[in-house]
Amino acid sequence: MNPELKGFLLLSVLKMLVVFTVVMVGVALLTLMERKVSAWMQNRRGPNRVGYAGLLQPVADGVKNFAKEETFPAEANPVLFLLAPAMAFIPALLLSAVIPWAAPLQVDLDRSFWLIGHVTYHGRLVMAVADLPVGFLFVLAISSLGVYGIALAGWASNSKYSLLGGLRASAQMVSYEVAMGISLVPVLLLTGNATFSEVIHAQQQGLWFVLPLTLSFFIFLVAGLAETNRLPFDLPEAESELIAGYHTEYSAMKFSMFPIAEYANMVTVSAMTATLFFGGWDWFGRWDESGTLLVTLLTGAGMFLKTFFFLFLIMWIRWTLPRFRYDQLMALGWKFLIPLALAYVMVVCFVLWVLETIAGGMSVVGKQLVLFGVSAVLCYVVFFILDRGAILSGSYHRRADATARS
């Protein structure tokens with residue numbers, strides 16, 4: 001094996017260890033953050049007994065789950081019952097590998113190590129475990145595999161509550177994956193590339209895509225909440241109806257793998273939102289292309305703050321909005337988000353075609369400002385004109401019909 005290949009493999013393994021360690025530790029701390037945020041919103045203290053200000057509460061939860069007795073339903077399918085948590089857990093962890101967490105670092109490595117020998121690496125080191133050319137298409141593909149773990153958990157438990165939760169999760173995730181995928185088509189139209197790093201570079205040359213593609217951002221964020229089974233989309237584990245949904249029969253660490261997968265998916269959705277619509281690790285401009293260690297650390301801090309903001313937003317929504325009824329959930333996906341995403345793709349295509357035909361020499365920022373104006377008008381139409389009970393068929397229409405009949 002030549003020294004260049006050794007250097008590439010060594011740095012890839014180091015990145016993998018760092019990213020997965022940070023994600024796993026971060027997921028544990030997110031459980032504490034969720035409990036603290038909920039306590040803050042409900043004017044109470046939250047965990048404050050284990051460690052200073054309750055900081056060791058995730059450790060206590062982990063010890064409890066490892067020491068807890070494992071249960072195994074007598075009529076459950078033994079193989080699939082054990083396999084389902086892993087099938088939900090592994091895809092959730094894989095997704096963090098393709099997110100660029102900071103600006104590339106200039107590395108000049110040329111030295112010998114014990115056991116592996118001489119190692120060299122010269123050039124920019126991308127701060128992602130794997131900077132895949134298919135980028136967010138890979139995320140959409142792998143995230144869709146998580147539904148198999150949830151569906152199998154519901155079916156293999158041989159419990160009616162679990163089965164209903166698995167069926168709900170399957171229908172919900174399949175429905176909102178369609179809207180999520182279509183919402184990213186305008187990003188492809190503006191960048192011509194599905195690689196995360198190229199999407200960030202495209203935003204460096206103009207505006208963050210949240211401005212020219214506001215509706216895509218809204219659809220992606222709502223679909224992301226549904227994909228992670230977070231309130232108000234937590235119908236697969238609705239306590240008031242299904243006890244705990246698809247993981248009713250699980251206990252100890254097998255049960256914990258489902259919440260860990262959910263929090264890991266939350267990190268992925270938040271990081272993707274920050275990357276695709278808020279510039280990723282970019283802090284405005286192209287100053288962060290020098291490749292120094294300081295620049296990499298600063299851009300990494302920027303990516304952390306953006307991701308942290310969306311994680312807080314997801315938790316804020318959980319403790320603010322009530323749960324949908326299931327017919328409202330499906331109506332929002334099929335009757336509203338998917339048609340809206342398709343119509344928005346057509347509008348963006350038409351606007352870009354007009355700009356290329358009439359104003360081919362217009363700058364990138366100019367074209368994006370025109371798209372921003374169009375998106376602002378569409379947002380007003382969607383949120384202030386159409387969305388007044390005219391699209392979503394729920395309790396509003398039933399009340400109106402009852403009033404008209406009386």
# chains A, B, ... in the order shown; residues from 1 in each chain; ligands from 1

call {"tool": "residues_around", "arguments": {"residues": "range 129-134 of chain A", "least_positions_apart": "3", "cutoff": "10 Å", "atoms": "only C-alpha atoms", "output": "PDB file with C-alpha atoms, in the first residue's frame"}}
result
ATOM      1  CA  LEU A  11      -7.432  10.519   8.069  1.00  0.00           C
ATOM      2  CA  SER A  12     -10.751   8.962   7.006  1.00  0.00           C
ATOM      3  CA  VAL A  13     -10.719   6.672  10.040  1.00  0.00           C
ATOM      4  CA  LEU A  14      -9.882   9.627  12.309  1.00  0.00           C
ATOM      5  CA  LYS A  15     -12.763  11.657  10.874  1.00  0.00           C
ATOM      6  CA  MET A  16     -15.108   8.713  11.291  1.00  0.00           C
ATOM      7  CA  LEU A  17     -14.136   8.240  14.955  1.00  0.00           C
ATOM      8  CA  VAL A  18     -14.486  11.956  15.716  1.00  0.00           C
ATOM      9  CA  VAL A  19     -17.854  12.395  13.959  1.00  0.00           C
ATOM     10  CA  PHE A  20     -19.486   9.257  15.366  1.00  0.00           C
ATOM     11  CA  LEU A  94     -24.782   6.596   8.776  1.00  0.00           C
ATOM     12  CA  SER A  96     -24.007  12.057   9.797  1.00  0.00           C
ATOM     13  CA  ALA A  97     -21.080  10.764   7.711  1.00  0.00           C
ATOM     14  CA  VAL A  98     -21.873  12.829   4.604  1.00  0.00           C
ATOM     15  CA  ILE A  99     -22.505  16.210   6.279  1.00  0.00           C
ATOM     16  CA  PRO A 100     -19.594  18.716   5.896  1.00  0.00           C
ATOM     17  CA  TRP A 101     -19.164  20.030   9.445  1.00  0.00           C
ATOM     18  CA  LEU A 125      -9.104  17.625   3.770  1.00  0.00           C
ATOM     19  CA  VAL A 126     -12.902  17.815   3.546  1.00  0.00           C
ATOM     20  CA  LEU A 137     -29.699  12.096  -2.434  1.00  0.00           C
ATOM     21  CA  PHE A 138     -27.752   9.587  -0.339  1.00  0.00           C
ATOM     22  CA  VAL A 139     -29.363  11.010   2.807  1.00  0.00           C
ATOM     23  CA  ASN A 193     -25.004  19.521  -8.094  1.00  0.00           C
ATOM     24  CA  ALA A 194     -26.147  17.245  -5.252  1.00  0.00           C
ATOM     25  CA  THR A 195     -22.862  17.391  -3.302  1.00  0.00           C
ATOM     26  CA  PHE A 196     -23.196  19.186   0.030  1.00  0.00           C
ATOM     27  CA  SER A 197     -19.905  21.065  -0.395  1.00  0.00           C
ATOM     28  CA  GLU A 198     -20.980  22.354  -3.828  1.00  0.00           C
TER      29      GLU A 198
END

call {"tool": "closest_residue", "arguments": {"among": "A:Leu80, A:Val147, A:Met127, A:Ala156", "to": "Arg168 in chain A", "atoms": "only C-alpha atoms"}}
result
A:Val147

call {"tool": "residues_around", "arguments": {"residues": "Thr228 in chain A", "least_positions_apart": "6", "cutoff": "10 Å", "atoms": "only C-alpha atoms", "output": "list in words"}}
result
Ser143, Gly146, Ala169, Met173, Asp234, Ala261, Glu262, Tyr263, Ala264, Asn265, Met266, Val267, Thr268 and Val269 of chain A

call {"tool": "closest_residue", "arguments": {"among": "A:Ala171, A:Leu332, A:Leu221, A:Asn77", "to": "Leu313 in chain A", "atoms": "only C-alpha atoms"}}
result
A:Leu221

call {"tool": "closest_residue", "arguments": {"among": "A:Ala92, A:Val187, A:Val63, A:Leu231", "to": "Ile314 in chain A", "atoms": "only C-alpha atoms"}}
result
A:Leu231

call {"tool": "closest_residue", "arguments": {"among": "A:Phe350, A:Phe308, A:Phe324, A:Phe209", "to": "Leu276 in chain A", "atoms": "only C-alpha atoms"}}
result
A:Phe209

call {"tool": "residues_around", "arguments": {"residues": "His122 in chain A", "least_positions_apart": "3", "cutoff": "9 Å", "atoms": "only C-alpha atoms", "output": "PyMOL selection string"}}
result
chain A and resi 4+7+106-110+125

call {"tool": "write_last_selection", "arguments": {"atoms": "N, CA and C atoms", "output": "compact mmCIF listing (two decimals), in the first residue's frame"}}
result
# COMPACT_ATOMS: atom_id res chain seq x y z
N GLU A 4 0.40 7.52 0.08
CA GLU A 4 -0.74 8.42 -0.12
C GLU A 4 -2.06 7.73 0.28
N GLY A 7 -2.30 7.54 3.98
CA GLY A 7 -2.71 8.81 4.57
C GLY A 7 -4.20 9.06 4.43
N GLN A 106 -6.34 22.52 5.23
CA GLN A 106 -5.13 22.23 4.48
C GLN A 106 -4.22 21.34 5.33
N VAL A 107 -3.92 20.15 4.84
CA VAL A 107 -3.13 19.17 5.59
C VAL A 107 -1.86 18.86 4.80
N ASP A 108 -0.73 18.91 5.48
CA ASP A 108 0.56 18.51 4.92
C ASP A 108 1.17 17.48 5.86
N LEU A 109 0.86 16.23 5.62
CA LEU A 109 1.30 15.14 6.48
C LEU A 109 2.35 14.31 5.76
N ASP A 110 3.50 14.15 6.42
CA ASP A 110 4.60 13.36 5.84
C ASP A 110 5.46 12.83 6.97
N LEU A 125 -8.40 18.73 3.15
CA LEU A 125 -9.10 17.63 3.77
C LEU A 125 -10.54 18.07 4.05

call {"tool": "residues_around", "arguments": {"residues": "Ser256 in chain A", "least_positions_apart": "2", "cutoff": "12 Å", "atoms": "only C-alpha atoms", "output": "list in words"}}
result
Val27, Ala28, Thr31, Pro58, Asp61, Gly62, Val63, Lys64, Asn65, Phe66, Lys68, Glu70, Pro85, Ala86, Ala88, Phe89, His247, Thr248, Tyr250, Ser251, Ala252, Met253, Lys254, Phe258, Pro259, Ile260, Ala261, Glu262 and Tyr263 of chain A

call {"tool": "select_by_dssp", "arguments": {"residues": "range 255-396 of chain A", "states": "alpha helix (DSSP H)", "output": "PyMOL selection string"}}
result
chain A and resi 255-277+293-318+326-331+338-358+364-380+395-396

call {"tool": "write_last_selection", "arguments": {"atoms": "C-alpha atoms", "output": "short mmCIF file (atom, residue, chain, number, x, y, z; two decimals), in the first residue's frame"}}
result
data_model
loop_
_atom_site.label_atom_id
_atom_site.label_comp_id
_atom_site.auth_asym_id
_atom_site.auth_seq_id
_atom_site.Cartn_x
_atom_site.Cartn_y
_atom_site.Cartn_z
CA PHE A 255 -35.95 0.33 23.62
CA SER A 256 -33.26 3.03 23.95
CA MET A 257 -32.04 2.42 20.41
CA PHE A 258 -35.28 3.87 19.02
CA PRO A 259 -34.98 7.25 20.85
CA ILE A 260 -31.27 7.35 19.98
CA ALA A 261 -32.16 6.86 16.31
CA GLU A 262 -34.80 9.60 16.59
CA TYR A 263 -32.35 12.10 18.09
CA ALA A 264 -29.69 11.16 15.51
CA ASN A 265 -32.25 11.82 12.78
CA MET A 266 -33.02 15.17 14.42
CA VAL A 267 -29.32 16.07 14.17
CA THR A 268 -29.28 15.06 10.50
CA VAL A 269 -32.41 17.06 9.63
CA SER A 270 -31.06 20.11 11.49
CA ALA A 271 -27.63 19.84 9.85
CA MET A 272 -29.19 19.36 6.40
CA THR A 273 -31.43 22.40 6.89
CA ALA A 274 -28.43 24.47 7.92
CA THR A 275 -26.38 23.19 4.99
CA LEU A 276 -28.96 23.37 2.21
CA PHE A 277 -30.68 26.64 3.13
CA LEU A 293 -6.89 25.48 11.42
CA LEU A 294 -8.44 28.68 12.85
CA VAL A 295 -10.78 29.04 9.87
CA THR A 296 -11.82 25.37 10.15
CA LEU A 297 -12.58 25.80 13.86
CA LEU A 298 -14.56 29.02 13.29
CA THR A 299 -16.62 27.52 10.47
CA GLY A 300 -17.18 24.41 12.58
CA ALA A 301 -18.50 26.64 15.37
CA GLY A 302 -20.81 28.33 12.86
CA MET A 303 -22.17 24.98 11.68
CA PHE A 304 -22.67 23.92 15.29
CA LEU A 305 -24.64 27.08 16.13
CA LYS A 306 -26.91 26.74 13.09
CA THR A 307 -27.55 23.05 13.79
CA PHE A 308 -28.13 23.79 17.48
CA PHE A 309 -30.69 26.48 16.58
CA PHE A 310 -32.76 24.04 14.52
CA LEU A 311 -32.51 21.39 17.23
CA PHE A 312 -33.90 23.94 19.68
CA LEU A 313 -36.62 24.87 17.17
CA ILE A 314 -37.69 21.22 16.87
CA MET A 315 -37.91 20.95 20.66
CA TRP A 316 -39.75 24.27 20.86
CA ILE A 317 -42.34 23.01 18.37
CA ARG A 318 -42.79 19.80 20.39
CA TYR A 326 -54.22 11.05 11.66
CA ASP A 327 -56.50 12.22 8.84
CA GLN A 328 -55.10 15.74 9.25
CA LEU A 329 -51.57 14.34 9.15
CA MET A 330 -52.14 12.53 5.86
CA ALA A 331 -54.10 15.45 4.40
CA ILE A 338 -46.84 17.45 -2.27
CA PRO A 339 -48.97 19.63 -4.60
CA LEU A 340 -47.31 22.74 -3.17
CA ALA A 341 -43.83 21.28 -3.75
CA LEU A 342 -44.67 20.28 -7.32
CA ALA A 343 -46.18 23.69 -8.11
CA TYR A 344 -43.14 25.43 -6.60
CA VAL A 345 -40.76 23.37 -8.75
CA MET A 346 -42.67 24.50 -11.86
CA VAL A 347 -42.60 28.13 -10.74
CA VAL A 348 -38.84 28.03 -10.09
CA CYS A 349 -38.22 26.35 -13.47
CA PHE A 350 -40.31 28.98 -15.25
CA VAL A 351 -38.62 31.91 -13.47
CA LEU A 352 -35.13 30.54 -14.18
CA TRP A 353 -36.04 29.96 -17.84
CA VAL A 354 -37.33 33.52 -18.16
CA LEU A 355 -34.23 34.94 -16.49
CA GLU A 356 -31.91 32.91 -18.74
CA THR A 357 -33.88 33.90 -21.86
CA ILE A 358 -34.44 37.59 -21.17
CA VAL A 364 -26.19 35.19 -9.63
CA VAL A 365 -27.27 37.52 -6.82
CA GLY A 366 -29.67 39.35 -9.17
CA LYS A 367 -31.35 36.12 -10.23
CA GLN A 368 -31.67 35.00 -6.63
CA LEU A 369 -33.18 38.35 -5.64
CA VAL A 370 -35.82 37.89 -8.35
CA LEU A 371 -36.53 34.41 -6.99
CA PHE A 372 -36.74 35.90 -3.50
CA GLY A 373 -39.41 38.33 -4.68
CA VAL A 374 -41.37 35.52 -6.34
CA SER A 375 -41.05 33.36 -3.21
CA ALA A 376 -42.26 36.24 -1.00
CA VAL A 377 -45.39 36.63 -3.13
CA LEU A 378 -46.01 32.87 -3.10
CA CYS A 379 -45.54 32.72 0.69
CA TYR A 380 -48.16 35.44 1.11
CA SER A 395 -62.26 20.05 12.08
CA TYR A 396 -62.59 23.50 10.48
#

call {"tool": "atom_distance", "arguments": {"atom1": "CA of Ile90 in chain A", "atom2": "CA of Thr21 in chain A"}}
result
14.2 Å

call {"tool": "closest_residue", "arguments": {"among": "A:Pro47, A:Gly149, A:Val178, A:Arg325", "to": "Ser240 in chain A", "atoms": "only C-alpha atoms"}}
result
A:Arg325

call {"tool": "closest_residue", "arguments": {"among": "A:Thr191, A:Arg35, A:Ala128, A:Ala153", "to": "Ala102 in chain A", "atoms": "only C-alpha atoms"}}
result
A:Ala128
